[in-house]
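J.: Structure incoming, see below.
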Amino acid sequence: MKASNDFFERKKHELGVSLNEVQRKAVLQTEGPLLLLASPGSGKTTTIIMRIGYLIEGKGVNPGRIKAVTFSRASANDMKERFKRFFPELPPVDFSTIHGLAFQVVRDYFRKEGISYRIIEGDLDVDLGKQDKGSWKELPLHKKIILRNLFQSIVGENITEDQMDELTTYISLIKNKMLPEDKWSTVKVDVPEAERILQEYEAFKKSGFHTLLLDYDDMLTIANQALEGEHGLLQAYQGRYDYVLTDESQDTSMVQHAIIEKLVQRHGNLCVVADDDQSIYSWRGAEPSYLLNFKQIYPNAVVLFMEQNYRSSKDIVNAANQFIKRNKNRYDKNMFTENPAEEPIQIRSLPDYIYQAKYLVQKIQEVEDLGEVAVLYRNNSSSIALMNEFDRAGIPFFMKDADNRFFSHWVVQDILNFMRMTFTDKRSDILEKIHLKFNGYISKKQMAALKNINNNESVFDNLINFVGIQDYQVKPLMESKETFRQMKGMPPLHAIQVIRERLGYEKALEKMCERLGFRKDNLFGILNTLEEIADGLESMEEFASRLKSLEAELKKAKSRKGQNAVTFSTFHSAKGLEFEHVFMIDLVDGIIPSSDDYTGGTVDGDAIEEATRLFYVGMTRAKKHLELIGYRERDGEKIQDSLFVSYVKNIIEPPPASSKKVSGPTIQKNIKVGNTTIPYNPNAIKDKDELVEGKAVKHRVFGYGEIVKISEDTIEVRFQTGVKNLSVDMCLELGLIEPAMER
């Protein structure tokens with residue numbers, strides 16, 4: 001005991017670091033399995049580093065016998081730097097990512113087996129969207145190039161960047177969950193032929209190159225299989241470390257947990273640091289349920305709760321603590337703080353979406369230290385409108401995950417090509433890029449014939465005079481020609497509206513969404529953002545120039561880390577960060593929670609609980625000032641506040657006891673799914689007792705169905721589109737289902 005007290009006193013004197021009682025217990029609990037549940041702002045990293053330092057200084061453990069694993073490279077580097085600062089005289093400890101550990105195992109295994117391999121993932125300088133068909137074989141062997149080619153050959157279309165993201169996420173999810181091939185079809189994915197593409201991808205990697213092609217997820221699955229099947233390799237790695245520590249374990253997948261389990265089988269000295277309330281990555285394979293079952297895997301495990309928050313004011317901590325308690329699948333924690341109250345959480349409901357970015361500019365211009373300000377949102381698409389307004393106001397901003405794909409998105413390029421057609425309608429090369437996307441009804445065959453005509457005349461005249469078109473095409477082609485003529489010199493905002501409506505671009509997008517599985521809300525959101533950028537500009541040339549300027553500004557935004565600049569970030573990317581002032585935006589129904597959240601859009605996961613955790617992560621980034629911002633209208637349609645904002649409002653301003661209802665939905669409101677607003681139904685089922693297995697019901701989103709199974713938290717309903725697991729609380733609170741009287 002004296003040795004441990006000496007250690008703590010010495011570090012307090014050297015570093016000014018003073019640990020609370022639970023943190024000290026975590027440092028001293030060195031033997032056997034330990035689950036350390038760390039609430040936001042509870043000094044998690046400090047406790048981890050002190051624990052490692054105590055193992056070395058207090059217990060005489062060789063630093064080389066300690067393995068610390070974290071999820072991201074940034075976290076691993078942060079821990080290395082923190083350890084060096086706390087214990088400058090000590091030799092380094094082995095800090096790495098889980099992928100780094102897996103790569104070591106795979107490399108050793110393949111060397112022993114004499115297997116040649118090649119990594120096909122990482123940075124890729126090639127612009128996939130600009131490669132000619134058939135040229136992929138001359139490109140570097142890379143995961144995205146292989147998948148792009150397979151998609152084109154199987155689906156017959158060029159893959160979009162959004163589809164590529166979803167496809168790679170789908171593949172990663174399957175591998176991280178260790179799903180066998182007969183279970184691949186259970187994973188929800190909107191990419192056409194995704195399962196077949198994955199089958200072809202796996203076959204491609206194993207044939208024809210005299211070497212095995214591996215992506216990052218393969219390193220995890222092969223490392224796990226190697227440790228499972230090669231006893232000598234397993235013994236070697238088990239004998240390498242006496243103490244293993246994993247950080248951010250709520251982000252860890254089943255295959256990653258399996259690797260760690262094998263590593264500690266011999267000694268059982270495993271410290272798992274996590275917060276089940278901050279598990280927000282189930283879509284890429286994270287398994288928060290693993291933490292809830294920790295004592296089943298390690299029966300003699302010690303579980304400690306680090307619940308004291310040192311980051312946030314009392315107002316924020318109390319509200320966030322009550323908010324997260326809505327979730328049922330969690331450890332019962334009670335986050336608290338000894339920090340004083342600063343200011344109440346502010347809730348803003350603006351009249352219209354168009355005022356949101358302007359309001360933020362006005363508020364943030366009053367703040368001196370911009371580095372202590374963050375604007376958080378759920379979807380990356382929200383950042384473009386912010387960039388536009390902040391750039392105009394001269395407020396610098398930083399984006400950790402700056403992504404310029406918006407500016408190269410095919411919808412943006414379509415709009416620019418429509419505008420180019422207003423300058424000249426004599427270029428068939430421009431028409432070719434948009435001919436299927438407006439109401440000219442031009443076929444691919446007719447387009448091919450048009451390209452062979454080089455008389456410097458209007459493409460519309462050439463189609464009518466020299467290409468074999470149908471009689472019904474003449475009128476729309478002439479109308480399109482006239483529309484493009486009228487658009488010449490038109491302000492860009494008006495031009496975009498004409499393209500969307502009169503030229504039929506919106507209808508073309510809707511058909512593409514039905515055929516290729518694109519998300520309509522995403523595509524229409526891009527059009528809405530383009531209208532915001534165009535607002536106030538006088539010419540289409542000025543609009544094109546503004547897009548280039550914003551793209552250049554976005555590239556600069558990456559370099560402003562640590563400068564006096566506002567941080568723009570998704571809720572996901574903000575985890576682990578903290579700011580004096582936090583503005584959470586776009587807090588409306590349909591964005592958070594989204595329509596997918598209501599219906600449980602993850603494999604065997606409760607999506608509404610994950611959305612709740614995501615909102616909680618956003619709230620707990622704030623130290624003193626937290627503002628929740630929504631709006632009541634967007635694009636002429638009424639919008640409802642986020643259900644989560646309603647919960648927070650009831651926490652900070654509890655309704656009078658006399659107004660509380662004994663039964664029935666607590667919130668009666670419309671809901672918005674996509675672009676459709678579904679009105680509240682007063683005939684909705686209001687009590688769980690009215691839910692009966694075998695009962696026919698009508699759902700506000702999915703239509704008619706039959707209740708198959710009822711559990712404590714969910715009901716299973718069979719609809720025409722398939723069986724869906726629905727949250728009981730959500731169904732009752734929002735009035736989502738009613739008895740089905742007739743079909």
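Convention: chains lettered A, B, ... in structure tokens order; per-chain residue numbering from 1; ligands numbered from 1 as shown.
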What are the DSSP helix (DSSP H, G or I) residues of region 309-359 of chain A, as a PDB file with N, CA, C and O atoms, in the first residue's frame?

T.:
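Below you can see selection.pdb, which holds the result:
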```
ATOM      1  N   LYS A 314     -22.442  21.366 -14.735  1.00  0.00           N
ATOM      2  CA  LYS A 314     -23.466  20.553 -14.073  1.00  0.00           C
ATOM      3  C   LYS A 314     -24.731  20.449 -14.928  1.00  0.00           C
ATOM      4  O   LYS A 314     -25.349  19.390 -15.016  1.00  0.00           O
ATOM      5  N   ASP A 315     -25.115  21.554 -15.595  1.00  0.00           N
ATOM      6  CA  ASP A 315     -26.320  21.540 -16.425  1.00  0.00           C
ATOM      7  C   ASP A 315     -26.218  20.482 -17.524  1.00  0.00           C
ATOM      8  O   ASP A 315     -27.153  19.714 -17.767  1.00  0.00           O
ATOM      9  N   ILE A 316     -25.069  20.453 -18.199  1.00  0.00           N
ATOM     10  CA  ILE A 316     -24.877  19.531 -19.327  1.00  0.00           C
ATOM     11  C   ILE A 316     -24.785  18.088 -18.833  1.00  0.00           C
ATOM     12  O   ILE A 316     -25.412  17.185 -19.403  1.00  0.00           O
ATOM     13  N   VAL A 317     -24.023  17.870 -17.760  1.00  0.00           N
ATOM     14  CA  VAL A 317     -23.847  16.509 -17.240  1.00  0.00           C
ATOM     15  C   VAL A 317     -25.175  15.929 -16.767  1.00  0.00           C
ATOM     16  O   VAL A 317     -25.519  14.782 -17.085  1.00  0.00           O
ATOM     17  N   ASN A 318     -25.951  16.707 -16.018  1.00  0.00           N
ATOM     18  CA  ASN A 318     -27.223  16.201 -15.497  1.00  0.00           C
ATOM     19  C   ASN A 318     -28.189  15.855 -16.626  1.00  0.00           C
ATOM     20  O   ASN A 318     -28.851  14.808 -16.597  1.00  0.00           O
ATOM     21  N   ALA A 319     -28.268  16.728 -17.637  1.00  0.00           N
ATOM     22  CA  ALA A 319     -29.191  16.474 -18.751  1.00  0.00           C
ATOM     23  C   ALA A 319     -28.741  15.262 -19.568  1.00  0.00           C
ATOM     24  O   ALA A 319     -29.555  14.410 -19.935  1.00  0.00           O
ATOM     25  N   ALA A 320     -27.437  15.181 -19.847  1.00  0.00           N
ATOM     26  CA  ALA A 320     -26.920  14.059 -20.644  1.00  0.00           C
ATOM     27  C   ALA A 320     -27.109  12.741 -19.899  1.00  0.00           C
ATOM     28  O   ALA A 320     -27.454  11.709 -20.500  1.00  0.00           O
ATOM     29  N   ASN A 321     -26.890  12.753 -18.594  1.00  0.00           N
ATOM     30  CA  ASN A 321     -27.033  11.534 -17.794  1.00  0.00           C
ATOM     31  C   ASN A 321     -28.477  11.029 -17.821  1.00  0.00           C
ATOM     32  O   ASN A 321     -28.725   9.835 -17.971  1.00  0.00           O
ATOM     33  N   GLN A 322     -29.434  11.940 -17.671  1.00  0.00           N
ATOM     34  CA  GLN A 322     -30.836  11.523 -17.728  1.00  0.00           C
ATOM     35  C   GLN A 322     -31.230  11.088 -19.140  1.00  0.00           C
ATOM     36  O   GLN A 322     -32.005  10.153 -19.316  1.00  0.00           O
ATOM     37  N   PHE A 323     -30.688  11.783 -20.137  1.00  0.00           N
ATOM     38  CA  PHE A 323     -31.033  11.462 -21.531  1.00  0.00           C
ATOM     39  C   PHE A 323     -30.622  10.036 -21.889  1.00  0.00           C
ATOM     40  O   PHE A 323     -31.404   9.275 -22.467  1.00  0.00           O
ATOM     41  N   ILE A 324     -29.393   9.639 -21.550  1.00  0.00           N
ATOM     42  CA  ILE A 324     -28.900   8.319 -21.969  1.00  0.00           C
ATOM     43  C   ILE A 324     -29.612   7.195 -21.230  1.00  0.00           C
ATOM     44  O   ILE A 324     -29.634   6.044 -21.701  1.00  0.00           O
ATOM     45  N   TYR A 353     -35.003  26.207 -42.447  1.00  0.00           N
ATOM     46  CA  TYR A 353     -33.635  25.688 -42.568  1.00  0.00           C
ATOM     47  C   TYR A 353     -32.665  26.750 -43.081  1.00  0.00           C
ATOM     48  O   TYR A 353     -31.496  26.789 -42.668  1.00  0.00           O
ATOM     49  N   ILE A 354     -33.126  27.624 -43.960  1.00  0.00           N
ATOM     50  CA  ILE A 354     -32.225  28.593 -44.597  1.00  0.00           C
ATOM     51  C   ILE A 354     -31.599  29.549 -43.587  1.00  0.00           C
ATOM     52  O   ILE A 354     -30.583  30.179 -43.871  1.00  0.00           O
ATOM     53  N   TYR A 355     -32.199  29.658 -42.392  1.00  0.00           N
ATOM     54  CA  TYR A 355     -31.656  30.581 -41.385  1.00  0.00           C
ATOM     55  C   TYR A 355     -30.578  29.931 -40.520  1.00  0.00           C
ATOM     56  O   TYR A 355     -29.904  30.624 -39.751  1.00  0.00           O
ATOM     57  N   GLN A 356     -30.398  28.614 -40.610  1.00  0.00           N
ATOM     58  CA  GLN A 356     -29.535  27.913 -39.671  1.00  0.00           C
ATOM     59  C   GLN A 356     -28.083  28.384 -39.748  1.00  0.00           C
ATOM     60  O   GLN A 356     -27.491  28.782 -38.738  1.00  0.00           O
ATOM     61  N   ALA A 357     -27.492  28.324 -40.936  1.00  0.00           N
ATOM     62  CA  ALA A 357     -26.085  28.714 -41.086  1.00  0.00           C
ATOM     63  C   ALA A 357     -25.894  30.196 -40.769  1.00  0.00           C
ATOM     64  O   ALA A 357     -24.891  30.597 -40.154  1.00  0.00           O
ATOM     65  N   LYS A 358     -26.853  31.028 -41.164  1.00  0.00           N
ATOM     66  CA  LYS A 358     -26.763  32.465 -40.884  1.00  0.00           C
ATOM     67  C   LYS A 358     -26.824  32.727 -39.380  1.00  0.00           C
ATOM     68  O   LYS A 358     -26.101  33.585 -38.848  1.00  0.00           O
ATOM     69  N   TYR A 359     -27.686  31.983 -38.689  1.00  0.00           N
ATOM     70  CA  TYR A 359     -27.789  32.125 -37.236  1.00  0.00           C
ATOM     71  C   TYR A 359     -26.465  31.752 -36.565  1.00  0.00           C
ATOM     72  O   TYR A 359     -25.991  32.442 -35.651  1.00  0.00           O
TER      73      TYR A 359
END
```

J.: Region 412-427 of chain A: which residues within 8 Å, counting only C-alpha atoms, same-chain residues fewer than 2 positions away excluded, as a PDB file with C-alpha atoms, in the first residue's frame?

T.:
```pdb
ATOM      1  CA  PHE A 406     -19.420  16.889 -52.879  1.00  0.00           C
ATOM      2  CA  PHE A 407     -17.847  18.997 -55.600  1.00  0.00           C
ATOM      3  CA  SER A 408     -17.119  15.996 -57.820  1.00  0.00           C
ATOM      4  CA  HIS A 409     -20.495  14.348 -57.153  1.00  0.00           C
ATOM      5  CA  TRP A 410     -22.316  13.451 -60.356  1.00  0.00           C
ATOM      6  CA  ASP A 429     -20.379  15.777 -75.802  1.00  0.00           C
ATOM      7  CA  ILE A 430     -22.163  17.855 -73.121  1.00  0.00           C
ATOM      8  CA  LEU A 431     -25.596  16.531 -74.080  1.00  0.00           C
ATOM      9  CA  LYS A 433     -23.618  13.410 -70.143  1.00  0.00           C
ATOM     10  CA  ILE A 434     -27.192  14.501 -69.329  1.00  0.00           C
ATOM     11  CA  ASN A 456     -21.914  22.854 -85.806  1.00  0.00           C
ATOM     12  CA  GLU A 457     -25.715  23.080 -85.545  1.00  0.00           C
ATOM     13  CA  SER A 458     -28.029  22.742 -82.571  1.00  0.00           C
ATOM     14  CA  VAL A 459     -28.056  19.200 -81.166  1.00  0.00           C
ATOM     15  CA  PHE A 460     -31.827  19.432 -80.890  1.00  0.00           C
ATOM     16  CA  LYS A 481     -34.317  23.631 -76.823  1.00  0.00           C
ATOM     17  CA  PHE A 484     -32.204  26.137 -72.616  1.00  0.00           C
ATOM     18  CA  ARG A 485     -32.438  29.283 -74.777  1.00  0.00           C
ATOM     19  CA  MET A 487     -32.063  30.057 -69.396  1.00  0.00           C
ATOM     20  CA  LYS A 488     -29.169  31.891 -71.060  1.00  0.00           C
ATOM     21  CA  ALA A 495     -31.618  28.173 -63.405  1.00  0.00           C
ATOM     22  CA  ILE A 496     -31.331  25.286 -60.921  1.00  0.00           C
ATOM     23  CA  ILE A 499     -33.514  22.334 -64.325  1.00  0.00           C
ATOM     24  CA  ILE A 526     -27.273  18.086 -52.841  1.00  0.00           C
ATOM     25  CA  LEU A 527     -29.631  20.078 -55.078  1.00  0.00           C
ATOM     26  CA  LEU A 530     -26.459  23.993 -54.616  1.00  0.00           C
ATOM     27  CA  MET A 540     -23.888  30.894 -63.875  1.00  0.00           C
ATOM     28  CA  ALA A 544     -19.187  27.735 -61.216  1.00  0.00           C
TER      29      ALA A 544
END
```

J.: Can I get the residues of region 340-386 of chain A within 7 Å of region 553-574 of chain A, each with the closest pair of atoms and their distance in Å to one decimal, using only C-alpha atoms, sorted chain first then ascending number, as a tab-separated table?

T.:
```
residue	atom	partner	partner_atom	distance
A:Asp369	CA	A:Asn564	CA	6.4
A:Leu370	CA	A:Ala565	CA	4.9
A:Gly371	CA	A:Asn564	CA	4.7
A:Val373	CA	A:Val566	CA	5.2
A:Ala374	CA	A:Thr567	CA	4.6
A:Val375	CA	A:Phe568	CA	5.0
A:Leu376	CA	A:Ser569	CA	5.1
A:Tyr377	CA	A:Thr570	CA	4.8
A:Arg378	CA	A:Thr570	CA	5.2
A:Asn379	CA	A:Thr570	CA	6.3
A:Asn380	CA	A:Thr570	CA	6.3
A:Ser383	CA	A:Phe568	CA	6.9
```

J.: Of the candidates A:Phe543, A:Phe8, A:Phe579, A:Tyr237, which shows the shortest atom-to-atom distance to Ser312 (chain A), using only C-alpha atoms?

T.: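 When distances to Ser312 (chain A) are compared using only C-alpha atoms, the smallest one comes from A:Phe579.
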
J.: Between CA of Arg107 (chain A) and CA of Ser207 (chain A), what is the spacing in Å?

T.: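 Those two atoms sit 19.9 Å apart.
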
J.: Write out as a list in words each polymer residue whose atoms come within 12 Å of Thr714 (chain A), counting only C-alpha atoms; drop sequence neighbours fewer than 3 positions from it.

T.: Lys328, Tyr598, Thr599, Gly600, Gly605, Asp606, Ala607, Ile608, Lys688, Leu691, Ile707, Val708, Lys709, Ile710, Ser711, Val717, Lys724, Asn725, Leu726, Ser727, Val728, Asp729, Met730, Cys731 and Leu732 of chain A

J.: Distance CA of Leu304 (chain A)-CA of Val27 (chain A), one decimal place?

T.: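 It comes out at 11.0 Å.
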
J.: Please provide as a list of chain:residue names all residues within 7 Å of region 273-286 of chain A, with the sequence filter that same-chain residues fewer than 4 positions apart are discarded (counting only C-alpha atoms).

T.: A:Leu35, A:Leu36, A:Leu37, A:Ala38, A:Ser39, A:Thr169, A:Ser172, A:Leu173, A:Asn176, A:Lys177, A:Thr246, A:Asp247, A:Glu248, A:Ser249, A:Gln250, A:Asp251, A:Thr252, A:Ser253, A:Leu291, A:Arg330, A:Thr602, A:Glu610, A:Arg613, A:Leu614, A:Val617

J.: What does the distance from CA of Leu587 (chain A) to CA of Asn388 (chain A) come to in Å, to one decimal?

T.: 19.9 Å
